[in-house]
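J.: Just entry35.pdb, nothing more (PDB, C-alpha atoms):
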```pdb
ATOM      1  CA  MET A 297      18.150 -79.606-259.719
ATOM      2  CA  ALA A 298      16.374 -82.515-261.282
ATOM      3  CA  THR A 299      12.703 -83.012-260.655
ATOM      4  CA  THR A 300      10.537 -85.832-261.826
ATOM      5  CA  GLU A 301       7.567 -83.507-262.080
ATOM      6  CA  SER A 302       7.704 -80.950-264.835
ATOM      7  CA  THR A 303       6.104 -77.624-263.986
ATOM      8  CA  ALA A 304       5.643 -74.616-266.194
ATOM      9  CA  ALA A 305       7.903 -71.702-265.313
ATOM     10  CA  GLY A 306       6.549 -69.470-262.566
ATOM     11  CA  VAL A 307       3.480 -71.553-261.844
ATOM     12  CA  GLY A 308       3.388 -73.635-258.702
ATOM     13  CA  PRO A 309       1.673 -77.002-258.587
ATOM     14  CA  VAL A 310      -1.985 -76.779-257.755
ATOM     15  CA  GLU A 311      -2.944 -78.577-254.563
ATOM     16  CA  GLY A 312      -3.868 -82.121-255.393
ATOM     17  CA  GLY A 313      -4.345 -81.422-259.082
ATOM     18  CA  SER A 314      -2.460 -81.473-262.309
ATOM     19  CA  LEU A 315      -1.457 -78.306-264.047
ATOM     20  CA  TYR A 316      -3.181 -79.332-267.214
ATOM     21  CA  ASP A 317      -6.322 -81.233-267.935
ATOM     22  CA  VAL A 318      -8.956 -81.414-270.627
ATOM     23  CA  ASP A 319     -10.717 -78.305-269.354
ATOM     24  CA  HIS A 320      -7.498 -76.389-268.763
ATOM     25  CA  PRO A 321      -5.158 -76.849-271.716
ATOM     26  CA  ALA A 322      -3.206 -73.804-270.527
ATOM     27  CA  PRO A 323      -1.365 -73.598-267.181
ATOM     28  CA  PHE A 324      -3.923 -73.237-264.393
ATOM     29  CA  ILE A 325      -3.098 -70.521-261.885
ATOM     30  CA  GLU A 326      -4.366 -71.098-258.391
ATOM     31  CA  ALA A 327      -6.647 -68.411-256.917
ATOM     32  CA  PRO A 328      -4.488 -66.433-254.479
ATOM     33  CA  ARG A 329      -6.667 -67.066-251.443
ATOM     34  CA  LYS A 330      -8.003 -70.467-252.341
ATOM     35  CA  ARG A 331      -8.628 -72.673-249.319
ATOM     36  CA  THR A 332      -6.517 -75.812-249.468
ATOM     37  CA  LYS A 333      -5.667 -78.598-247.084
ATOM     38  CA  LYS A 334      -2.662 -76.563-245.985
ATOM     39  CA  THR A 335      -4.702 -73.473-245.101
ATOM     40  CA  PRO A 336      -4.715 -73.104-241.326
ATOM     41  CA  LYS A 337      -8.143 -73.474-239.777
ATOM     42  CA  SER A 338      -9.524 -70.107-238.791
ATOM     43  CA  THR A 339      -9.773 -69.758-235.036
ATOM     44  CA  ARG A 340     -11.783 -66.544-235.154
ATOM     45  CA  GLY A 341     -15.147 -67.801-236.256
ATOM     46  CA  ASN A 342     -17.659 -65.470-237.830
ATOM     47  CA  PHE A 343     -18.194 -63.184-234.846
ATOM     48  CA  GLU A 344     -17.304 -59.948-236.635
ATOM     49  CA  MET A 345     -19.594 -60.786-239.526
ATOM     50  CA  ALA A 346     -22.425 -61.613-237.132
ATOM     51  CA  ALA A 347     -21.798 -58.320-235.308
ATOM     52  CA  TRP A 348     -21.854 -56.398-238.593
ATOM     53  CA  LEU A 349     -25.138 -58.038-239.581
ATOM     54  CA  PHE A 350     -26.627 -57.471-236.115
ATOM     55  CA  MET A 351     -25.928 -53.721-236.372
ATOM     56  CA  ARG A 352     -27.960 -53.524-239.581
ATOM     57  CA  LEU A 353     -30.840 -55.747-238.478
ATOM     58  CA  SER A 354     -31.184 -54.206-235.019
ATOM     59  CA  GLY A 355     -30.743 -50.768-236.597
ATOM     60  CA  VAL A 356     -33.810 -51.163-238.799
ATOM     61  CA  VAL A 357     -35.936 -52.352-235.858
ATOM     62  CA  LEU A 358     -34.607 -49.563-233.628
ATOM     63  CA  VAL A 359     -35.539 -46.892-236.166
ATOM     64  CA  VAL A 360     -39.183 -47.929-235.691
ATOM     65  CA  LEU A 361     -39.003 -48.518-231.918
ATOM     66  CA  VAL A 362     -37.018 -45.393-231.006
ATOM     67  CA  LEU A 363     -38.722 -42.935-233.351
ATOM     68  CA  GLY A 364     -42.091 -44.256-232.124
ATOM     69  CA  HIS A 365     -40.862 -43.821-228.545
ATOM     70  CA  LEU A 366     -39.778 -40.213-229.236
ATOM     71  CA  LEU A 367     -43.105 -39.447-230.885
ATOM     72  CA  ILE A 368     -45.041 -40.735-227.880
ATOM     73  CA  GLN A 369     -42.846 -39.259-225.161
ATOM     74  CA  LEU A 370     -41.882 -35.882-226.654
ATOM     75  CA  VAL A 371     -44.511 -34.961-229.238
ATOM     76  CA  LEU A 372     -47.972 -36.427-228.603
ATOM     77  CA  ASP A 373     -50.250 -35.415-225.706
ATOM     78  CA  GLY A 374     -48.336 -32.341-224.575
ATOM     79  CA  GLY A 375     -44.824 -33.714-225.034
ATOM     80  CA  VAL A 376     -42.512 -34.146-222.067
ATOM     81  CA  SER A 377     -44.845 -32.186-219.751
ATOM     82  CA  LYS A 378     -47.223 -35.163-219.330
ATOM     83  CA  ILE A 379     -44.534 -37.617-218.236
ATOM     84  CA  GLY A 380     -44.627 -38.792-214.657
ATOM     85  CA  PHE A 381     -45.159 -41.913-212.584
ATOM     86  CA  ALA A 382     -48.836 -42.063-213.541
ATOM     87  CA  PHE A 383     -48.006 -41.903-217.232
ATOM     88  CA  VAL A 384     -45.453 -44.726-216.937
ATOM     89  CA  ALA A 385     -47.926 -46.822-214.937
ATOM     90  CA  GLY A 386     -50.580 -46.290-217.598
ATOM     91  CA  ARG A 387     -48.342 -47.440-220.412
ATOM     92  CA  TRP A 388     -46.809 -50.430-218.647
ATOM     93  CA  ALA A 389     -50.280 -51.696-217.814
ATOM     94  CA  SER A 390     -50.274 -52.946-221.396
ATOM     95  CA  PRO A 391     -48.089 -55.929-222.363
ATOM     96  CA  PHE A 392     -47.664 -54.351-225.785
ATOM     97  CA  TRP A 393     -45.700 -51.408-224.400
ATOM     98  CA  GLN A 394     -43.816 -53.663-221.989
ATOM     99  CA  VAL A 395     -42.594 -55.761-224.909
ATOM    100  CA  TRP A 396     -41.898 -52.604-226.934
ATOM    101  CA  ASP A 397     -39.742 -51.117-224.168
ATOM    102  CA  LEU A 398     -38.038 -54.426-223.362
ATOM    103  CA  LEU A 399     -37.113 -55.004-227.001
ATOM    104  CA  MET A 400     -35.948 -51.415-227.340
ATOM    105  CA  LEU A 401     -33.806 -51.720-224.189
ATOM    106  CA  TRP A 402     -32.076 -54.919-225.282
ATOM    107  CA  LEU A 403     -31.547 -53.970-228.919
ATOM    108  CA  ALA A 404     -30.404 -50.413-228.164
ATOM    109  CA  MET A 405     -27.985 -51.503-225.431
ATOM    110  CA  LEU A 406     -26.454 -54.276-227.552
ATOM    111  CA  HIS A 407     -26.340 -52.029-230.630
ATOM    112  CA  GLY A 408     -24.669 -49.264-228.630
ATOM    113  CA  ALA A 409     -22.291 -51.618-226.834
ATOM    114  CA  ASN A 410     -21.127 -53.102-230.127
ATOM    115  CA  GLY A 411     -20.714 -49.610-231.556
ATOM    116  CA  LEU A 412     -18.569 -48.582-228.607
ATOM    117  CA  ARG A 413     -16.601 -51.828-228.887
ATOM    118  CA  THR A 414     -15.713 -50.757-232.432
ATOM    119  CA  VAL A 415     -14.749 -47.282-231.225
ATOM    120  CA  VAL A 416     -12.500 -48.751-228.490
ATOM    121  CA  ASN A 417     -10.864 -51.100-230.999
ATOM    122  CA  ASP A 418     -10.240 -48.146-233.328
ATOM    123  CA  TYR A 419      -8.744 -45.651-230.892
ATOM    124  CA  ALA A 420      -7.252 -47.526-227.915
ATOM    125  CA  GLU A 421      -3.852 -48.545-229.208
ATOM    126  CA  ARG A 422      -2.475 -50.483-226.233
ATOM    127  CA  ALA A 423      -3.831 -53.978-225.645
ATOM    128  CA  ASN A 424      -4.177 -53.311-221.928
ATOM    129  CA  THR A 425      -6.174 -50.129-222.482
ATOM    130  CA  ARG A 426      -8.528 -51.976-224.799
ATOM    131  CA  LEU A 427      -8.946 -54.748-222.251
ATOM    132  CA  TRP A 428      -9.911 -52.359-219.458
ATOM    133  CA  LEU A 429     -12.154 -50.151-221.564
ATOM    134  CA  LYS A 430     -14.015 -53.158-222.935
ATOM    135  CA  GLY A 431     -14.250 -54.720-219.479
ATOM    136  CA  LEU A 432     -15.835 -51.507-218.216
ATOM    137  CA  LEU A 433     -18.104 -51.330-221.258
ATOM    138  CA  TYR A 434     -19.361 -54.916-220.914
ATOM    139  CA  THR A 435     -19.882 -54.555-217.155
ATOM    140  CA  ALA A 436     -21.910 -51.359-217.593
ATOM    141  CA  THR A 437     -23.887 -52.897-220.454
ATOM    142  CA  VAL A 438     -24.817 -56.079-218.582
ATOM    143  CA  PHE A 439     -25.723 -54.048-215.477
ATOM    144  CA  THR A 440     -27.948 -51.646-217.411
ATOM    145  CA  ILE A 441     -29.713 -54.371-219.407
ATOM    146  CA  LEU A 442     -30.420 -56.407-216.266
ATOM    147  CA  LEU A 443     -31.562 -53.363-214.291
ATOM    148  CA  GLY A 444     -33.893 -52.214-217.064
ATOM    149  CA  THR A 445     -35.317 -55.708-217.557
ATOM    150  CA  LEU A 446     -35.913 -56.073-213.817
ATOM    151  CA  VAL A 447     -37.684 -52.703-213.689
ATOM    152  CA  ILE A 448     -40.017 -53.578-216.566
ATOM    153  CA  PHE A 449     -40.883 -57.030-215.184
ATOM    154  CA  THR A 450     -41.279 -56.049-211.535
ATOM    155  CA  PHE A 451     -42.981 -52.674-212.039
ATOM    156  CA  ASP A 452     -45.651 -52.121-209.401
ATOM    157  CA  PRO A 453     -48.172 -49.310-210.034
ATOM    158  CA  ASN A 454     -49.324 -49.500-206.401
ATOM    159  CA  ILE A 455     -45.863 -49.125-204.920
ATOM    160  CA  ARG A 456     -47.269 -46.382-202.617
TER
ATOM    161  CA  MET B  65      -2.031 -31.752-238.764
ATOM    162  CA  PRO B  66       0.120 -34.898-238.832
ATOM    163  CA  ALA B  67       2.538 -35.135-241.720
ATOM    164  CA  GLY B  68       1.448 -37.088-244.742
ATOM    165  CA  THR B  69      -2.264 -36.808-244.119
ATOM    166  CA  LEU B  70      -3.282 -35.879-247.612
ATOM    167  CA  TYR B  71      -6.506 -37.861-247.410
ATOM    168  CA  ARG B  72      -9.517 -35.619-247.167
ATOM    169  CA  GLY B  73     -12.733 -37.504-247.101
ATOM    170  CA  ARG B  74     -15.738 -35.698-248.395
ATOM    171  CA  GLU B  75     -19.395 -36.538-247.711
ATOM    172  CA  GLY B  76     -18.549 -40.193-247.037
ATOM    173  CA  MET B  77     -15.994 -39.446-244.329
ATOM    174  CA  TRP B  78     -17.913 -36.671-242.605
ATOM    175  CA  SER B  79     -21.121 -38.691-242.467
ATOM    176  CA  TRP B  80     -19.064 -41.512-240.904
ATOM    177  CA  VAL B  81     -17.669 -39.078-238.298
ATOM    178  CA  ALA B  82     -21.132 -37.693-237.532
ATOM    179  CA  HIS B  83     -22.577 -41.213-237.276
ATOM    180  CA  ARG B  84     -19.888 -42.196-234.794
ATOM    181  CA  VAL B  85     -20.170 -39.051-232.653
ATOM    182  CA  THR B  86     -23.984 -39.196-232.498
ATOM    183  CA  GLY B  87     -23.831 -42.928-231.731
ATOM    184  CA  VAL B  88     -21.531 -42.453-228.739
ATOM    185  CA  LEU B  89     -23.643 -39.554-227.412
ATOM    186  CA  ILE B  90     -26.868 -41.549-227.707
ATOM    187  CA  PHE B  91     -25.288 -44.548-225.945
ATOM    188  CA  PHE B  92     -24.218 -42.439-222.959
ATOM    189  CA  PHE B  93     -27.686 -40.906-222.765
ATOM    190  CA  LEU B  94     -29.175 -44.406-222.815
ATOM    191  CA  PHE B  95     -27.320 -45.357-219.612
ATOM    192  CA  VAL B  96     -28.678 -42.303-217.804
ATOM    193  CA  HIS B  97     -32.148 -42.858-219.209
ATOM    194  CA  VAL B  98     -32.365 -46.456-217.970
ATOM    195  CA  LEU B  99     -31.144 -45.304-214.545
ATOM    196  CA  ASP B 100     -33.692 -42.485-214.263
ATOM    197  CA  THR B 101     -36.517 -44.769-215.375
ATOM    198  CA  ALA B 102     -35.386 -47.334-212.773
ATOM    199  CA  LEU B 103     -36.521 -44.809-210.148
ATOM    200  CA  VAL B 104     -40.118 -45.953-210.768
ATOM    201  CA  ARG B 105     -39.099 -48.968-208.677
ATOM    202  CA  VAL B 106     -37.993 -46.687-205.830
ATOM    203  CA  SER B 107     -40.972 -44.394-205.411
ATOM    204  CA  PRO B 108     -43.357 -42.289-207.516
ATOM    205  CA  GLU B 109     -42.115 -39.143-205.737
ATOM    206  CA  ASP B 110     -38.447 -39.762-206.566
ATOM    207  CA  TYR B 111     -39.279 -40.519-210.180
ATOM    208  CA  ASP B 112     -41.455 -37.429-210.570
ATOM    209  CA  LYS B 113     -38.784 -35.278-208.902
ATOM    210  CA  VAL B 114     -36.138 -36.320-211.440
ATOM    211  CA  VAL B 115     -38.526 -36.092-214.395
ATOM    212  CA  ALA B 116     -39.409 -32.561-213.242
ATOM    213  CA  THR B 117     -35.828 -31.495-214.025
ATOM    214  CA  TYR B 118     -36.344 -32.889-217.547
ATOM    215  CA  LYS B 119     -39.099 -30.341-218.048
ATOM    216  CA  THR B 120     -36.872 -27.297-217.441
ATOM    217  CA  PRO B 121     -35.914 -25.086-220.418
ATOM    218  CA  ILE B 122     -32.221 -26.048-220.313
ATOM    219  CA  VAL B 123     -32.952 -29.766-220.440
ATOM    220  CA  ALA B 124     -35.525 -29.096-223.176
ATOM    221  CA  LEU B 125     -32.648 -27.722-225.251
ATOM    222  CA  LEU B 126     -30.615 -30.860-224.474
ATOM    223  CA  GLU B 127     -33.628 -32.950-225.491
ATOM    224  CA  TYR B 128     -33.721 -31.095-228.794
ATOM    225  CA  GLY B 129     -30.045 -31.970-229.255
ATOM    226  CA  LEU B 130     -30.796 -35.599-228.408
ATOM    227  CA  VAL B 131     -33.582 -35.648-230.997
ATOM    228  CA  ALA B 132     -31.139 -34.155-233.518
ATOM    229  CA  ALA B 133     -28.552 -36.869-232.791
ATOM    230  CA  ILE B 134     -31.079 -39.718-232.896
ATOM    231  CA  LEU B 135     -32.747 -38.527-236.099
ATOM    232  CA  PHE B 136     -29.407 -38.170-237.888
ATOM    233  CA  HIS B 137     -28.165 -41.542-236.633
ATOM    234  CA  ALA B 138     -31.422 -43.240-237.654
ATOM    235  CA  LEU B 139     -31.613 -41.708-241.141
ATOM    236  CA  ASN B 140     -27.916 -42.101-241.889
ATOM    237  CA  GLY B 141     -28.062 -45.659-240.540
ATOM    238  CA  LEU B 142     -30.711 -46.457-243.145
ATOM    239  CA  ARG B 143     -28.381 -44.923-245.746
ATOM    240  CA  VAL B 144     -25.519 -47.153-244.549
ATOM    241  CA  ILE B 145     -27.790 -50.181-244.920
ATOM    242  CA  ALA B 146     -28.694 -49.064-248.443
ATOM    243  CA  VAL B 147     -25.002 -48.625-249.313
ATOM    244  CA  ASP B 148     -24.264 -52.139-248.008
ATOM    245  CA  PHE B 149     -27.220 -54.074-249.382
ATOM    246  CA  TRP B 150     -28.533 -52.144-252.417
ATOM    247  CA  SER B 151     -26.519 -52.831-255.561
ATOM    248  CA  LYS B 152     -26.637 -49.154-256.578
ATOM    249  CA  GLY B 153     -26.143 -47.928-252.996
ATOM    250  CA  PRO B 154     -22.441 -47.012-253.241
ATOM    251  CA  ARG B 155     -23.049 -45.081-256.466
ATOM    252  CA  TYR B 156     -25.777 -42.957-254.882
ATOM    253  CA  GLN B 157     -24.257 -42.585-251.400
ATOM    254  CA  LYS B 158     -23.743 -38.846-251.888
ATOM    255  CA  GLN B 159     -27.270 -38.196-253.102
ATOM    256  CA  MET B 160     -28.580 -40.330-250.244
ATOM    257  CA  LEU B 161     -26.575 -38.298-247.725
ATOM    258  CA  TRP B 162     -28.054 -35.042-248.974
ATOM    259  CA  SER B 163     -31.517 -36.624-248.838
ATOM    260  CA  VAL B 164     -30.772 -37.610-245.227
ATOM    261  CA  VAL B 165     -29.645 -34.064-244.397
ATOM    262  CA  GLY B 166     -32.717 -32.568-246.095
ATOM    263  CA  LEU B 167     -35.154 -34.892-244.330
ATOM    264  CA  TRP B 168     -33.317 -34.312-241.058
ATOM    265  CA  LEU B 169     -33.690 -30.527-241.449
ATOM    266  CA  VAL B 170     -37.414 -30.839-242.138
ATOM    267  CA  LEU B 171     -37.942 -33.119-239.130
ATOM    268  CA  MET B 172     -35.854 -30.835-236.894
ATOM    269  CA  LEU B 173     -37.971 -27.846-237.936
ATOM    270  CA  GLY B 174     -41.062 -29.922-237.139
ATOM    271  CA  ALA B 175     -39.653 -30.862-233.729
ATOM    272  CA  ILE B 176     -39.094 -27.243-232.620
ATOM    273  CA  TYR B 177     -42.621 -26.665-231.362
ATOM    274  CA  PRO B 178     -43.318 -30.078-229.728
ATOM    275  CA  VAL B 179     -39.923 -30.281-227.987
ATOM    276  CA  LEU B 180     -39.180 -26.633-227.212
ATOM    277  CA  GLY B 181     -42.689 -25.175-227.031
ATOM    278  CA  HIS B 182     -43.202 -25.764-223.321
ATOM    279  CA  ALA B 183     -39.783 -24.228-222.564
ATOM    280  CA  ALA B 184     -40.672 -21.114-224.553
ATOM    281  CA  ARG B 185     -43.976 -20.817-222.708
ATOM    282  CA  GLU B 186     -42.157 -21.063-219.392
ATOM    283  CA  LEU B 187     -39.478 -18.539-220.329
ATOM    284  CA  PHE B 188     -41.636 -15.970-222.079
ATOM    285  CA  GLY B 189     -45.027 -16.710-220.521
ATOM    286  CA  SER B 190     -47.920 -18.134-222.453
TER
END
```
How would this structure read if it were set down as structure tokens?

T.:
Amino acid sequence: MATTESTAAGVGPVEGGSLYDVDHPAPFIEAPRKRTKKTPKSTRGNFEMAAWLFMRLSGVVLVVLVLGHLLIQLVLDGGVSKIGFAFVAGRWASPFWQVWDLLMLWLAMLHGANGLRTVVNDYAERANTRLWLKGLLYTATVFTILLGTLVIFTFDPNIR
Amino acid sequence: MPAGTLYRGREGMWSWVAHRVTGVLIFFFLFVHVLDTALVRVSPEDYDKVVATYKTPIVALLEYGLVAAILFHALNGLRVIAVDFWSKGPRYQKQMLWSVVGLWLVLMLGAIYPVLGHAARELFGS
């Protein structure tokens, strides 16, 4: 087979470049995963990377929010014994604790939902099973986040 | 044991298993917890009635378990972040795990009285 281009044995032509140039007197071997014009465009986006990063960022914030929550609810002022409607009303009178609880609700639910999404992906082998489990998971997550948000925003200390 | 499973993870694998198990448990608790708190929108009596069951000795024990799960997940989560973002994290993952376990034990000892104290008073009288 006659070719007009001469290539060194075992080395394919580099996309859009010559095998040799001033900087590369020896055959230049293409990086195995180098992006070229022929590389198909990724259709997946960076969702998994964003999810991975979200777990770490929300995790750090949740350590503060949740451990603070546990300290207040279970340790200080007589622990769980003091909790009741009056105690909730007292805390939600302050916007600070409303924001605290709202942030904790959203971050914890999304953090947990993404964790369970990973678990479903790992253990549910059939595509249909994954679809249903994740459908259930997302439905429950959206419901719980909306319910919790509604409760915090519409809380009425004089309900009775 | 399935054939060919020679892989035996050590600290790394078991901390991963514990992180996953505690994570799932905490998530299921979170659903219930948002639902019970939502009762404040129904009536003070209904909310107080449900919270009263949370003050029984059996639920106090469950609360102690919840604290155990959350504390492990929180501390080990910080270790995972250190492994991912700290250049020497992977090299010290084992030492960090034992630090997590040690700190967790200390905190769990400290949580005995605040979390279980009222249950002990109820069971054995004060």

J.: Within 9 Å of chain A, which residues belong to chain B? Use only C-alpha atoms and report them as a PyMOL selection string.

T.: chain B and resi 84+87-88+90-92+94-95+98-99+101-109+111-113+115-116+118-119+124+127+131+134-135+138-139+141-142+144-145+175+177-179+182

J.: At a cut-off of 8 Å, using all atoms listed in the file, what residues contact segment 152-167 of chain B? Leave out same-chain residues fewer than 2 positions from it and give the result as a short mmCIF file (atom, residue, chain, number, x, y, z; two decimals) with C-alpha atoms, keeping the file's coordinate frame.

T.:
```
data_model
loop_
_atom_site.label_atom_id
_atom_site.label_comp_id
_atom_site.auth_asym_id
_atom_site.auth_seq_id
_atom_site.Cartn_x
_atom_site.Cartn_y
_atom_site.Cartn_z
CA GLU B 75 -19.40 -36.54 -247.71
CA GLY B 76 -18.55 -40.19 -247.04
CA SER B 79 -21.12 -38.69 -242.47
CA PHE B 136 -29.41 -38.17 -237.89
CA LEU B 139 -31.61 -41.71 -241.14
CA ASN B 140 -27.92 -42.10 -241.89
CA ARG B 143 -28.38 -44.92 -245.75
CA ALA B 146 -28.69 -49.06 -248.44
CA VAL B 147 -25.00 -48.62 -249.31
CA ASP B 148 -24.26 -52.14 -248.01
CA PHE B 149 -27.22 -54.07 -249.38
CA TRP B 150 -28.53 -52.14 -252.42
CA LEU B 169 -33.69 -30.53 -241.45
CA VAL B 170 -37.41 -30.84 -242.14
CA LEU B 171 -37.94 -33.12 -239.13
#
```

J.: Pick the closest to Thr86 of chain B from B:Ala183, B:Val123, B:Ala132, B:Ile176: which is it, counting all atoms listed in the file?

T.: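 Nearest to Thr86 of chain B: B:Ala132.
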
J.: Just to confirm, what's the straight-line distance from atom CA of Pro121 of chain B to atom CA of Val85 of chain B in Å (one decimal)?

T.: 24.3 Å

J.: What's the separation between atom CA of Trp393 of chain A and atom CA of Phe93 of chain B, in Å to one decimal place?

T.: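 Result for atom CA of Trp393 of chain A versus atom CA of Phe93 of chain B: 20.9 Å, one decimal.
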
J.: Atom CA of Phe392 of chain A and atom CA of Val114 of chain B, how far apart in Å?

T.: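 For atom CA of Val114 of chain B relative to atom CA of Phe392 of chain A, the distance reads 25.8 Å.
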
J.: Pick the closest to Arg185 of chain B from B:Val81, B:Leu89, B:Thr120, B:Arg74: which is it, counting all atoms listed in the file?

T.: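 Looking at the shortest contact to Arg185 of chain B, the residue is B:Thr120.
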